[in-house]
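S.K.: Got a structure for you, work_20.pdb, holding PDB, C-alpha atoms.
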```pdb
ATOM      1  CA  MET K   1     -34.073 -21.695  10.159
ATOM      2  CA  LYS K   2     -30.985 -19.651  10.997
ATOM      3  CA  GLN K   3     -27.575 -20.521   9.523
ATOM      4  CA  CYS K   4     -24.435 -20.738  11.661
ATOM      5  CA  PHE K   5     -22.510 -17.427  11.394
ATOM      6  CA  PHE K   6     -19.135 -19.182  11.638
ATOM      7  CA  THR K   7     -19.960 -21.829   9.012
ATOM      8  CA  GLN K   8     -21.267 -19.156   6.644
ATOM      9  CA  ASN K   9     -18.082 -17.112   6.970
ATOM     10  CA  ASN K  10     -15.793 -20.161   6.830
ATOM     11  CA  ILE K  11     -14.434 -19.580  10.346
ATOM     12  CA  LYS K  12     -12.875 -22.831  11.567
ATOM     13  CA  TYR K  13     -11.434 -21.547  14.846
ATOM     14  CA  VAL K  14     -13.083 -18.896  17.007
ATOM     15  CA  ASP K  15     -10.301 -16.601  18.275
ATOM     16  CA  TYR K  16     -10.584 -14.761  21.594
ATOM     17  CA  LYS K  17      -8.914 -11.710  20.002
ATOM     18  CA  ASP K  18     -11.859 -11.248  17.588
ATOM     19  CA  VAL K  19     -13.709  -9.149  20.130
ATOM     20  CA  ASP K  20     -16.021  -7.490  17.597
ATOM     21  CA  ILE K  21     -17.357 -10.892  16.506
ATOM     22  CA  LEU K  22     -17.677 -12.161  20.083
ATOM     23  CA  LYS K  23     -19.657  -9.057  21.100
ATOM     24  CA  LYS K  24     -22.375  -9.993  18.582
ATOM     25  CA  PHE K  25     -23.156 -13.061  20.664
ATOM     26  CA  LEU K  26     -23.404 -11.336  24.055
ATOM     27  CA  ASN K  27     -26.551  -9.890  25.592
ATOM     28  CA  PRO K  28     -26.574  -6.415  27.227
ATOM     29  CA  HIS K  29     -25.542  -8.034  30.537
ATOM     30  CA  GLY K  30     -22.417  -9.504  28.939
ATOM     31  CA  ARG K  31     -23.679 -13.096  29.016
ATOM     32  CA  VAL K  32     -23.305 -15.497  26.093
ATOM     33  CA  MET K  33     -26.567 -15.887  24.176
ATOM     34  CA  ALA K  34     -28.125 -19.326  23.853
ATOM     35  CA  ARG K  35     -27.815 -21.402  20.695
ATOM     36  CA  LYS K  36     -31.561 -21.086  20.296
ATOM     37  CA  ARG K  37     -31.121 -17.354  19.743
ATOM     38  CA  THR K  38     -27.834 -17.292  17.834
ATOM     39  CA  GLY K  39     -28.390 -20.280  15.533
ATOM     40  CA  VAL K  40     -24.717 -21.212  15.868
ATOM     41  CA  SER K  41     -23.777 -24.891  15.387
ATOM     42  CA  SER K  42     -23.035 -26.853  18.571
ATOM     43  CA  GLY K  43     -19.294 -27.130  17.919
ATOM     44  CA  HIS K  44     -18.944 -23.451  17.168
ATOM     45  CA  GLN K  45     -21.091 -22.556  20.209
ATOM     46  CA  ARG K  46     -18.620 -24.439  22.440
ATOM     47  CA  GLN K  47     -15.680 -22.662  20.767
ATOM     48  CA  LEU K  48     -17.515 -19.346  21.142
ATOM     49  CA  ALA K  49     -18.100 -19.882  24.879
ATOM     50  CA  LEU K  50     -14.407 -20.725  25.400
ATOM     51  CA  ALA K  51     -13.289 -17.683  23.373
ATOM     52  CA  VAL K  52     -15.574 -15.382  25.402
ATOM     53  CA  LYS K  53     -14.127 -16.770  28.658
ATOM     54  CA  ARG K  54     -10.573 -16.209  27.403
ATOM     55  CA  ALA K  55     -11.404 -12.666  26.250
ATOM     56  CA  ARG K  56     -12.926 -11.930  29.678
ATOM     57  CA  PHE K  57      -9.771 -13.148  31.428
ATOM     58  CA  MET K  58      -7.636 -10.882  29.248
ATOM     59  CA  GLY K  59      -9.842  -7.868  30.010
ATOM     60  CA  MET K  60     -11.224  -7.528  26.479
ATOM     61  CA  LEU K  61     -14.789  -8.318  27.492
ATOM     62  CA  PRO K  62     -16.568  -7.671  30.798
ATOM     63  CA  PHE K  63     -17.665 -10.484  33.110
ATOM     64  CA  VAL K  64     -20.821  -8.483  33.898
ATOM     65  CA  SER K  65     -22.176  -5.198  32.588
ATOM     66  CA  ARG K  66     -25.134  -2.954  33.429
TER
ATOM     67  CA  MET Y   1      -4.551 -28.775  16.451
ATOM     68  CA  LYS Y   2      -2.130 -31.586  15.732
ATOM     69  CA  THR Y   3       1.080 -32.408  17.533
ATOM     70  CA  THR Y   4       3.982 -32.841  15.121
ATOM     71  CA  GLU Y   5       7.445 -34.313  15.563
ATOM     72  CA  HIS Y   6      10.681 -32.332  15.388
ATOM     73  CA  LYS Y   7      12.678 -33.337  12.271
ATOM     74  CA  GLU Y   8      15.990 -33.834  14.082
ATOM     75  CA  THR Y   9      15.220 -34.598  17.725
ATOM     76  CA  GLY Y  10      11.854 -36.326  17.212
ATOM     77  CA  ALA Y  11      10.413 -34.302  20.113
ATOM     78  CA  ALA Y  12       6.664 -33.660  20.117
ATOM     79  CA  MET Y  13       5.997 -30.121  18.841
ATOM     80  CA  HIS Y  14       2.883 -27.984  19.033
ATOM     81  CA  VAL Y  15       1.764 -24.537  17.911
ATOM     82  CA  TYR Y  16       1.019 -22.261  20.878
ATOM     83  CA  GLU Y  17       0.037 -18.653  21.308
ATOM     84  CA  VAL Y  18       0.869 -16.417  24.231
ATOM     85  CA  GLY Y  19      -1.303 -13.361  24.764
ATOM     86  CA  TYR Y  20       0.017 -10.953  27.394
ATOM     87  CA  LEU Y  21      -0.901  -7.717  29.117
ATOM     88  CA  ILE Y  22       1.945  -5.362  30.006
ATOM     89  CA  VAL Y  23       1.322  -2.946  32.893
ATOM     90  CA  PRO Y  24       0.628   0.668  31.798
ATOM     91  CA  THR Y  25       3.357   1.960  34.137
ATOM     92  CA  VAL Y  26       5.891   0.846  31.516
ATOM     93  CA  SER Y  27       6.583   3.745  29.146
ATOM     94  CA  GLU Y  28       5.844   3.233  25.442
ATOM     95  CA  ASP Y  29       9.508   3.152  24.428
ATOM     96  CA  LYS Y  30      10.240   0.462  27.041
ATOM     97  CA  VAL Y  31       7.524  -1.886  25.717
ATOM     98  CA  ALA Y  32       9.926  -3.081  23.012
ATOM     99  CA  ASP Y  33      12.326  -4.271  25.746
ATOM    100  CA  GLU Y  34       9.576  -6.446  27.259
ATOM    101  CA  VAL Y  35       8.831  -7.916  23.821
ATOM    102  CA  SER Y  36      12.502  -8.681  23.192
ATOM    103  CA  ALA Y  37      12.710 -10.322  26.647
ATOM    104  CA  ILE Y  38       9.802 -12.598  25.667
ATOM    105  CA  HIS Y  39      11.566 -13.350  22.360
ATOM    106  CA  THR Y  40      14.803 -14.365  24.091
ATOM    107  CA  MET Y  41      12.770 -16.499  26.506
ATOM    108  CA  LEU Y  42      11.146 -18.302  23.569
ATOM    109  CA  GLU Y  43      14.377 -18.682  21.639
ATOM    110  CA  GLY Y  44      15.972 -20.187  24.735
ATOM    111  CA  ALA Y  45      13.238 -22.833  24.742
ATOM    112  CA  HIS Y  46      13.894 -23.695  21.038
ATOM    113  CA  ALA Y  47      10.660 -22.081  19.823
ATOM    114  CA  SER Y  48      10.209 -20.897  16.249
ATOM    115  CA  ILE Y  49       8.036 -17.783  15.999
ATOM    116  CA  ILE Y  50       5.237 -17.970  13.425
ATOM    117  CA  ALA Y  51       3.409 -14.658  13.881
ATOM    118  CA  GLU Y  52       3.077 -11.877  16.396
ATOM    119  CA  GLU Y  53       1.510  -8.519  17.132
ATOM    120  CA  PHE Y  54       3.346  -5.742  18.902
ATOM    121  CA  PRO Y  55       1.653  -4.649  22.178
ATOM    122  CA  LYS Y  56      -0.856  -1.835  21.858
ATOM    123  CA  ALA Y  57      -2.390   0.204  24.662
ATOM    124  CA  MET Y  58      -6.032  -0.682  25.265
ATOM    125  CA  PRO Y  59      -8.624   0.079  27.925
ATOM    126  CA  LEU Y  60      -9.570  -2.931  30.061
ATOM    127  CA  ALA Y  61     -13.198  -4.024  30.320
ATOM    128  CA  TYR Y  62     -12.871  -4.138  34.120
ATOM    129  CA  THR Y  63     -10.369  -3.063  36.773
ATOM    130  CA  MET Y  64      -7.633  -5.642  37.296
ATOM    131  CA  GLU Y  65      -5.951  -5.915  40.677
ATOM    132  CA  ARG Y  66      -2.699  -7.492  41.725
ATOM    133  CA  THR Y  67      -0.456  -7.500  44.757
ATOM    134  CA  HIS Y  68       3.051  -6.463  43.820
ATOM    135  CA  GLU Y  69       5.721  -6.346  46.550
ATOM    136  CA  THR Y  70       3.051  -6.206  49.303
ATOM    137  CA  LYS Y  71       1.277  -3.301  47.575
ATOM    138  CA  LYS Y  72      -2.088  -3.562  45.913
ATOM    139  CA  GLN Y  73      -2.194  -2.180  42.393
ATOM    140  CA  LYS Y  74      -5.224  -1.445  40.214
ATOM    141  CA  PHE Y  75      -5.170  -1.134  36.439
ATOM    142  CA  ASN Y  76      -7.788   0.146  34.024
ATOM    143  CA  GLU Y  77      -5.623  -0.052  30.910
ATOM    144  CA  ALA Y  78      -2.726  -2.163  29.637
ATOM    145  CA  TYR Y  79      -0.655  -2.972  26.536
ATOM    146  CA  PHE Y  80      -1.947  -6.127  24.840
ATOM    147  CA  GLY Y  81       0.299  -8.154  22.533
ATOM    148  CA  TRP Y  82       0.547 -11.747  21.360
ATOM    149  CA  VAL Y  83       3.027 -14.125  19.790
ATOM    150  CA  LYS Y  84       2.357 -17.416  18.003
ATOM    151  CA  PHE Y  85       5.125 -20.007  17.964
ATOM    152  CA  GLU Y  86       5.927 -23.690  17.581
ATOM    153  CA  MET Y  87       7.880 -25.360  20.356
ATOM    154  CA  PRO Y  88       8.458 -28.723  22.067
ATOM    155  CA  VAL Y  89       5.496 -29.680  24.248
ATOM    156  CA  ALA Y  90       7.823 -30.429  27.177
ATOM    157  CA  SER Y  91       9.080 -26.820  27.508
ATOM    158  CA  ILE Y  92       5.778 -24.916  27.521
ATOM    159  CA  ASN Y  93       5.566 -25.118  31.332
ATOM    160  CA  ASP Y  94       8.924 -23.335  31.625
ATOM    161  CA  ILE Y  95       7.590 -20.480  29.470
ATOM    162  CA  ASP Y  96       4.518 -20.255  31.707
ATOM    163  CA  GLN Y  97       6.661 -20.095  34.842
ATOM    164  CA  SER Y  98       9.028 -17.484  33.440
ATOM    165  CA  LEU Y  99       6.099 -15.285  32.331
ATOM    166  CA  VAL Y 100       4.640 -15.460  35.854
ATOM    167  CA  LYS Y 101       7.969 -14.205  37.250
ATOM    168  CA  ARG Y 102       8.080 -11.096  35.022
ATOM    169  CA  SER Y 103       6.772  -8.195  37.094
ATOM    170  CA  ASN Y 104       5.845  -6.018  34.096
ATOM    171  CA  ILE Y 105       3.476  -8.645  32.733
ATOM    172  CA  LEU Y 106       0.092  -8.208  34.379
ATOM    173  CA  ARG Y 107      -1.493 -11.340  32.922
ATOM    174  CA  HIS Y 108      -0.731 -13.892  30.247
ATOM    175  CA  LEU Y 109      -2.671 -16.636  28.507
ATOM    176  CA  ILE Y 110      -1.147 -19.639  26.738
ATOM    177  CA  THR Y 111      -3.421 -21.342  24.216
ATOM    178  CA  LYS Y 112      -2.999 -24.232  21.818
ATOM    179  CA  THR Y 113      -3.703 -23.019  18.305
ATOM    180  CA  VAL Y 114      -3.008 -23.668  14.615
ATOM    181  CA  ARG Y 115      -0.368 -22.310  12.251
ATOM    182  CA  GLU Y 116      -2.946 -20.485  10.088
ATOM    183  CA  ASN Y 117      -4.233 -16.992  10.823
ATOM    184  CA  THR Y 118      -7.253 -17.408  13.132
ATOM    185  CA  VAL Y 119      -8.166 -13.723  13.559
ATOM    186  CA  TYR Y 120     -11.137 -13.341  11.226
ATOM    187  CA  SER Y 121     -10.962  -9.538  10.932
ATOM    188  CA  THR Y 122      -7.353  -9.597   9.640
ATOM    189  CA  ARG Y 123      -8.005 -12.726   7.534
ATOM    190  CA  LEU Y 124     -10.963 -10.974   5.896
ATOM    191  CA  ALA Y 125      -8.769  -7.940   5.111
ATOM    192  CA  GLU Y 126      -6.101 -10.271   3.633
ATOM    193  CA  GLU Y 127      -8.679 -12.088   1.488
ATOM    194  CA  LEU Y 128     -10.143  -8.807   0.234
ATOM    195  CA  ALA Y 129      -6.642  -7.529  -0.615
ATOM    196  CA  GLU Y 130      -5.925 -10.821  -2.440
ATOM    197  CA  LYS Y 131      -9.164 -10.515  -4.421
ATOM    198  CA  ALA Y 132      -8.369  -6.899  -5.285
ATOM    199  CA  GLY Y 133      -4.901  -8.025  -6.427
ATOM    200  CA  GLU Y 134      -6.409 -10.763  -8.595
ATOM    201  CA  ALA Y 135      -8.861  -8.279 -10.142
ATOM    202  CA  ALA Y 136      -5.958  -5.922 -10.875
ATOM    203  CA  ASP Y 137      -4.013  -8.811 -12.436
ATOM    204  CA  ALA Y 138      -7.013  -9.730 -14.588
ATOM    205  CA  ALA Y 139      -7.337  -6.111 -15.708
ATOM    206  CA  ALA Y 140      -3.607  -6.006 -16.489
ATOM    207  CA  GLY Y 141      -3.864  -9.367 -18.244
ATOM    208  CA  GLU Y 142      -6.152  -7.913 -20.926
ATOM    209  CA  THR Y 143      -3.358  -5.810 -22.414
ATOM    210  CA  PRO Y 144      -0.965  -8.764 -22.971
ATOM    211  CA  SER Y 145      -3.739 -10.748 -24.717
ATOM    212  CA  GLU Y 146      -4.251  -7.792 -27.034
ATOM    213  CA  GLU Y 147      -0.527  -7.743 -27.588
ATOM    214  CA  VAL Y 148      -0.562 -11.466 -28.418
ATOM    215  CA  GLY Y 149      -3.367 -10.856 -30.940
ATOM    216  CA  ALA Y 150      -1.423  -8.017 -32.560
ATOM    217  CA  LYS Y 151       1.701 -10.209 -32.674
ATOM    218  CA  LYS Y 152      -0.245 -13.020 -34.394
ATOM    219  CA  GLU Y 153      -1.576 -10.589 -36.998
ATOM    220  CA  MET Y 154       1.932  -9.307 -37.556
ATOM    221  CA  ASP Y 155       3.205 -12.893 -37.977
ATOM    222  CA  LYS Y 156       0.430 -13.564 -40.494
ATOM    223  CA  SER Y 157       1.289 -10.461 -42.499
ATOM    224  CA  ILE Y 158       5.000 -11.382 -42.404
ATOM    225  CA  ASP Y 159       4.129 -14.904 -43.564
ATOM    226  CA  ALA Y 160       2.010 -13.448 -46.375
ATOM    227  CA  LEU Y 161       4.907 -11.222 -47.395
ATOM    228  CA  VAL Y 162       7.418 -14.091 -47.286
ATOM    229  CA  ILE Y 163       5.133 -16.485 -49.199
ATOM    230  CA  GLY Y 164       4.105 -13.780 -51.594
TER
END
```
Would you mind writing the structure in this file as structure tokens?

M.R.:
Amino acid sequence: MKQCFFTQNNIKYVDYKDVDILKKFLNPHGRVMARKRTGVSSGHQRQLALAVKRARFMGMLPFVSR
Amino acid sequence: MKTTEHKETGAAMHVYEVGYLIVPTVSEDKVADEVSAIHTMLEGAHASIIAEEFPKAMPLAYTMERTHETKKQKFNEAYFGWVKFEMPVASINDIDQSLVKRSNILRHLITKTVRENTVYSTRLAEELAEKAGEAADAAAGETPSEEVGAKKEMDKSIDALVIG
């Protein structure tokens, strides 16, 4: 069973400016990967989705790619 | 993300963060003027600044468009900066409105956040630096303990001399 990346690294709040971390959880099309694949806890997955949406709005991440 | 009360006025306070994109048409030496304008805006709204990052030029992940004075503009790069501050909940809307009015700001995002550093990459660097500092202190600490040992031996020998 996979461990939550954010819990392991003691990350309480997922920040939209942490683009390198957010990119780990995107597929080649720029979509957020499912919890089933990432193993992230439900709370952190919700924070992750919000952070990705904020980063997209600020032009740090693409809405779609490829 | 708790709301606190102001010590004097009793107004509800919250920690916010404003991330902003400055248009690339602004020259690099004029970026500081935009930042100082944001600072004065915040100070006017009784905000206390906690942390900030000076705007840096970055490529955008997609082309952003806006209509400015009836002309359509397209941008593929911008200066991104952010500022974290604590301010009364009631005045955050004014900040939002005044940021919308600034023509050199392409986009901005106001988020509720916490006082602590939330950027993991910088936090990790800080923690590593702290650990390195502690290790250096521990290494430096060995010499004083040796000194203490030498001092004790000296005391013993002095005692032996005095008693003798």

S.K.: Applied to the shown file, which residues does the ChimeraX specification (/K :<8) & /Y return, written as an NGL selection string?

M.R.: :Y and (20-21 or 60-62 or 64 or 107-109 or 118-121)

S.K.: Counting all atoms listed in the file, find residues at most 8 Å from (-0.4, -17.7, 13.4) (file frame) and give them as a list in words.

M.R.: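 Checked against the point, the hits come out as Glu17, Ile50, Ala51, Glu52, Lys84, Phe85, Thr113, Val114, Arg115, Glu116, Asn117 and Thr118 of chain Y.
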
S.K.: Report the residues retrieved by the PyMOL selection byres ((chain Y and resi 48) around 6) from the displayed file, expressed as a list of chain:residue names.

M.R.: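 This file, filtered by the PyMOL selection byres ((chain Y and resi 48) around 6), leaves Y:Ala47, Y:Ile49, Y:Phe85, Y:Glu86.
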
S.K.: For Ile22 in chain Y, which residue among Y:Lys2, Y:Arg123, Y:Lys101, Y:Lys56 is the nearest when counting all atoms listed in the file?

M.R.: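 Nearest candidate to Ile22 in chain Y out of Y:Lys2, Y:Arg123, Y:Lys101, Y:Lys56: Y:Lys56.
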
S.K.: Please evaluate the PyMOL selection byres ((chain K and resi 45) around 10) against the displayed coordinates and give the resulting residues as a list in words.

M.R.: Cys4, Phe6, Val14, Phe25, Val32, Met33, Ala34, Arg35, Thr38, Gly39, Val40, Ser41, Ser42, Gly43, His44, Arg46, Gln47, Leu48, Ala49, Leu50 and Ala51 of chain K

S.K.: Would you kindly return, as a VMD selection string, each protein, DNA or RNA residue with an atom no farther than 12 Å from any atom of Arg66 in chain K, considering all atoms listed in the file and excluding same-chain residues fewer than 5 positions away?

M.R.: chain K and resid 27 to 31

S.K.: Using Å and a single decimal, report how far CA of Asp33 in chain Y sits from CA of Ala45 in chain Y.

M.R.: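 If I compute the distance from CA of Ala45 in chain Y to CA of Asp33 in chain Y, I get 18.6 Å.
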
S.K.: Considering only C-alpha atoms, state which residue in the set Y:Ile92, Y:Met1, Y:Val26, Y:Ala78 is at the smallest distance from His46 in chain Y.

M.R.: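 Closest candidate: Y:Ile92.
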
S.K.: Draw an axis-aligned box over all listed atoms of range 9-15 of chain K, pad each side with 4 Å, and write its centre and edge lengths in Å, one decimal, as JSON.

M.R.:
```
{"center_x": -14.2, "center_y": -19.7, "center_z": 12.6, "size_x": 15.8, "size_y": 14.2, "size_z": 19.4}
```

S.K.: Distance CA of Ser103 in chain Y-CA of Pro59 in chain Y, one decimal place?

M.R.: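 Straight-line distance from CA of Ser103 in chain Y to CA of Pro59 in chain Y works out to 19.7 Å.
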
S.K.: Write out as a list of chain:residue names the residues lying within 9 Å of Ala32 in chain Y, counting all atoms listed in the file and excluding same-chain residues fewer than 5 positions away.

M.R.: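 What passes the distance filter is Y:Ala37, Y:Phe54, Y:Pro55.
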
S.K.: By how many Å are CA of Val31 in chain Y and CA of Leu99 in chain Y apart?

M.R.: 15.0 Å
